[in-house]
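Trainee: My structure is stored as target.pdb, with PDB, C-alpha atoms.
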MODEL        1
ATOM      1  CA  GLN N 270       8.953  -9.665  25.269
ATOM      2  CA  LEU N 271       5.807 -10.267  27.301
ATOM      3  CA  ALA N 272       6.272 -14.017  27.059
ATOM      4  CA  ALA N 273       9.864 -13.770  28.272
ATOM      5  CA  HIS N 274       8.945 -11.352  31.051
ATOM      6  CA  PHE N 275       6.169 -13.567  32.421
ATOM      7  CA  GLY N 276       7.888 -16.869  31.659
ATOM      8  CA  VAL N 277       5.191 -18.134  29.320
ATOM      9  CA  SER N 278       5.073 -19.093  25.646
ATOM     10  CA  GLU N 279       4.302 -16.624  22.875
ATOM     11  CA  SER N 280       1.154 -18.583  22.058
ATOM     12  CA  GLY N 281       0.122 -18.242  25.712
ATOM     13  CA  VAL N 282       0.374 -14.455  25.405
ATOM     14  CA  LEU N 283      -1.685 -14.550  22.211
ATOM     15  CA  GLN N 284      -4.325 -16.737  23.871
ATOM     16  CA  ALA N 285      -4.520 -14.307  26.790
ATOM     17  CA  LYS N 286      -4.865 -11.379  24.361
ATOM     18  CA  ARG N 287      -7.681 -13.140  22.531
ATOM     19  CA  GLY N 288      -9.379 -14.058  25.783
ATOM     20  CA  ALA N 289      -9.263 -10.423  26.893
ATOM     21  CA  GLY N 290     -10.597  -9.204  23.540
ATOM     22  CA  LEU N 291      -7.311  -7.461  22.709
ATOM     23  CA  ALA N 292      -6.517  -9.373  19.522
ATOM     24  CA  LYS N 293      -8.354  -9.302  16.215
ATOM     25  CA  PRO N 294     -10.104 -12.576  15.465
ATOM     26  CA  MET N 295      -8.140 -14.779  13.111
ATOM     27  CA  LEU N 296      -9.530 -15.178   9.618
ATOM     28  CA  ASP N 297      -9.946 -18.713   8.319
ATOM     29  CA  HIS N 298      -8.909 -19.136   4.687
ATOM     30  CA  GLY N 299      -9.478 -22.899   4.639
ATOM     31  CA  ARG N 300     -12.402 -22.683   2.227
ATOM     32  CA  ALA N 301     -10.524 -20.437  -0.193
ATOM     33  CA  LEU N 302      -7.332 -22.496   0.068
ATOM     34  CA  PRO N 303      -8.515 -26.069   0.706
ATOM     35  CA  TRP N 304      -5.157 -27.586  -0.227
ATOM     36  CA  LYS N 305      -2.188 -28.303   2.037
ATOM     37  CA  LEU N 306       0.201 -25.815   0.483
ATOM     38  CA  ASN N 307       3.869 -26.421   0.021
ATOM     39  CA  ARG N 308       5.618 -23.543   1.808
ATOM     40  CA  ALA N 309       7.179 -22.471  -1.515
ATOM     41  CA  HIS N 310       3.711 -21.773  -2.961
ATOM     42  CA  ASN N 311       2.219 -19.939   0.022
ATOM     43  CA  GLN N 312       2.934 -16.456  -1.344
ATOM     44  CA  SER N 313       2.207 -17.191  -5.016
ATOM     45  CA  GLY N 314      -0.170 -14.950  -6.929
ATOM     46  CA  ALA N 315      -3.028 -17.451  -6.834
ATOM     47  CA  ALA N 316      -2.663 -18.099  -3.087
ATOM     48  CA  THR N 317      -2.444 -14.372  -2.357
ATOM     49  CA  ASN N 318      -5.475 -13.543  -4.499
ATOM     50  CA  LEU N 319      -7.575 -16.331  -2.958
ATOM     51  CA  ARG N 320      -6.497 -15.273   0.543
ATOM     52  CA  ASN N 321      -7.373 -11.623  -0.159
ATOM     53  CA  LEU N 322     -10.803 -12.537  -1.555
ATOM     54  CA  SER N 323     -11.384 -14.735   1.493
ATOM     55  CA  ALA N 324     -10.379 -11.927   3.844
ATOM     56  CA  VAL N 325     -12.805  -9.539   2.138
ATOM     57  CA  ALA N 326     -15.600 -12.119   2.344
ATOM     58  CA  GLN N 327     -14.963 -12.436   6.097
ATOM     59  CA  GLY N 328     -14.980  -8.679   6.656
ATOM     60  CA  GLY N 329     -11.220  -8.354   6.992
ATOM     61  CA  GLU N 330      -9.282  -5.243   6.115
ATOM     62  CA  VAL N 331      -7.545  -5.543   2.752
ATOM     63  CA  PRO N 332      -5.947  -2.605   0.920
ATOM     64  CA  GLN N 333      -8.040  -1.508  -2.056
ATOM     65  CA  VAL N 334      -5.218  -2.139  -4.527
ATOM     66  CA  LYS N 335      -5.033  -5.781  -3.393
ATOM     67  CA  ILE N 336      -8.813  -6.118  -3.617
ATOM     68  CA  ASN N 337      -8.733  -4.730  -7.157
ATOM     69  CA  THR N 338      -5.979  -7.159  -8.168
ATOM     70  CA  ALA N 339      -7.752 -10.184  -6.667
ATOM     71  CA  VAL N 340     -11.135  -9.281  -8.195
ATOM     72  CA  ARG N 341      -9.571  -8.683 -11.641
ATOM     73  CA  TRP N 342      -7.762 -12.020 -11.401
ATOM     74  CA  GLY N 343     -10.913 -13.889 -10.347
ATOM     75  CA  ARG N 344     -13.098 -12.260 -13.006
ATOM     76  CA  ARG N 345     -10.572 -13.069 -15.738
ATOM     77  CA  LEU N 346     -10.587 -16.740 -14.784
ATOM     78  CA  VAL N 347     -14.390 -16.885 -14.574
ATOM     79  CA  GLU N 348     -14.851 -15.075 -17.907
ATOM     80  CA  GLU N 349     -12.399 -17.474 -19.587
ATOM     81  CA  GLY N 350     -14.115 -20.548 -18.113
ATOM     82  CA  LEU N 351     -11.071 -21.368 -16.006
ATOM     83  CA  ASP N 352     -10.607 -22.470 -12.438
ATOM     84  CA  ILE N 353      -7.547 -22.958 -10.268
ATOM     85  CA  GLY N 354      -5.988 -26.242  -9.297
ATOM     86  CA  TYR N 355      -3.055 -27.081  -7.073
ATOM     87  CA  ASP N 356      -0.251 -29.612  -7.047
ATOM     88  CA  ALA N 357       2.136 -29.688  -4.074
ATOM     89  CA  GLU N 358       5.152 -30.179  -6.338
ATOM     90  CA  THR N 359       4.419 -27.762  -9.173
ATOM     91  CA  GLY N 360       2.097 -25.257  -7.486
ATOM     92  CA  PHE N 361      -1.052 -23.583  -8.738
ATOM     93  CA  PHE N 362      -2.307 -23.990 -12.289
ATOM     94  CA  GLU N 363      -5.244 -22.781 -14.345
ATOM     95  CA  THR N 364      -7.590 -25.464 -15.585
ATOM     96  CA  PRO N 365     -10.948 -25.544 -17.374
ATOM     97  CA  VAL N 366     -13.915 -25.502 -15.017
ATOM     98  CA  VAL N 367     -15.320 -28.948 -14.339
ATOM     99  CA  GLY N 368     -18.590 -28.772 -12.419
ATOM    100  CA  VAL N 369     -18.555 -25.926  -9.904
ATOM    101  CA  SER N 370     -15.830 -23.280 -10.175
ATOM    102  CA  HIS N 371     -13.848 -22.863  -6.960
ATOM    103  CA  VAL N 372     -12.597 -19.414  -7.967
ATOM    104  CA  GLU N 373     -16.084 -18.243  -8.900
ATOM    105  CA  GLY N 374     -17.422 -19.269  -5.496
ATOM    106  CA  VAL N 375     -14.669 -17.456  -3.588
ATOM    107  CA  LEU N 376     -14.993 -14.406  -5.854
ATOM    108  CA  ASN N 377     -18.775 -14.233  -5.446
ATOM    109  CA  GLU N 378     -18.522 -14.338  -1.646
ATOM    110  CA  ALA N 379     -16.156 -11.360  -1.749
ATOM    111  CA  LEU N 380     -18.287  -9.459  -4.272
ATOM    112  CA  VAL N 381     -21.359  -9.787  -2.034
ATOM    113  CA  VAL N 382     -19.483  -8.141   0.845
ATOM    114  CA  LEU N 383     -18.003  -5.464  -1.423
ATOM    115  CA  SER N 384     -21.467  -4.701  -2.790
ATOM    116  CA  ARG N 385     -22.838  -4.304   0.740
ATOM    117  CA  ARG N 386     -19.941  -2.016   1.683
ATOM    118  CA  GLU N 387     -20.530   0.091  -1.402
ATOM    119  CA  ALA N 388     -24.271   0.327  -0.699
ATOM    120  CA  GLY N 389     -23.573   1.267   2.901
ATOM    121  CA  SER N 390     -21.131   4.015   1.968
ATOM    122  CA  GLY N 391     -23.499   5.619  -0.538
ATOM    123  CA  GLU N 392     -21.102   5.090  -3.461
ATOM    124  CA  THR N 393     -22.514   4.285  -6.859
TER     125      THR N 393
ENDMDL
END
What is this file in structure tokens?
Mentor:
Amino acid sequence: QLAAHFGVSESGVLQAKRGAGLAKPMLDHGRALPWKLNRAHNQSGAATNLRNLSAVAQGGEVPQVKINTAVRWGRRLVEEGLDIGYDAETGFFETPVVGVSHVEGVLNEALVVLSRREAGSGET
């Protein structure tokens, strides 16, 4: 509505909001999701879990139930020696870890932030 009222684009309104400090900074999930995702796979379980772990690692607000789900998913893969791979045609797949685990890295970044939050809140 603002864009139409002022005769500018919607992205122009968003840029003005950001410039005025009225918009939350955008989170960058490029490290957690380094693949060019096919639109059909964007909301898959693996993409959602990686995005939620990334958001936590960047200090974003994620509902606790989604954090729990993503952490459980990541820990299961790590404990089973699995990682995640991606194919644009077939989507995400679990694969044995070769070298450094992508999922473990993303999970550990989120766990560090969660640990700090817990320590700061006085929870045990």
Trainee: Applied to this file, what does the PyMOL selection byres ((chain N and resi 336-346) around 9) return in terms of residues, put as number ranges by chain?
Mentor: N: 314-315, 317-322, 325, 331-335, 347-353, 363, 372-373, 375-376, 379-380
Trainee: So, with all atoms listed in the file as the atoms that count, which of N:Leu296, N:Val382, N:Ala357, N:Val369 lies closest to His310 in chain N?
Mentor: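 Ranking N:Leu296, N:Val382, N:Ala357, N:Val369 by distance to His310 in chain N, first place goes to N:Ala357.
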Trainee: Quote the spacing between CA of Ser313 in chain N and CA of Phe361 in chain N in Å to one decimal place.
Mentor: 8.1 Å
Trainee: Which is closest to Ala285 in chain N among N:Leu271, N:Gly299, N:Gly360, N:Gly328, if we use only C-alpha atoms?
Mentor: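 So, comparing all the options, the nearest one is N:Leu271.
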Trainee: CA of Arg300 in chain N to CA of Ser370 in chain N: how many Å, to one decimal?
Mentor: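 Interatomic distance, CA of Arg300 in chain N to CA of Ser370 in chain N: 12.9 Å.
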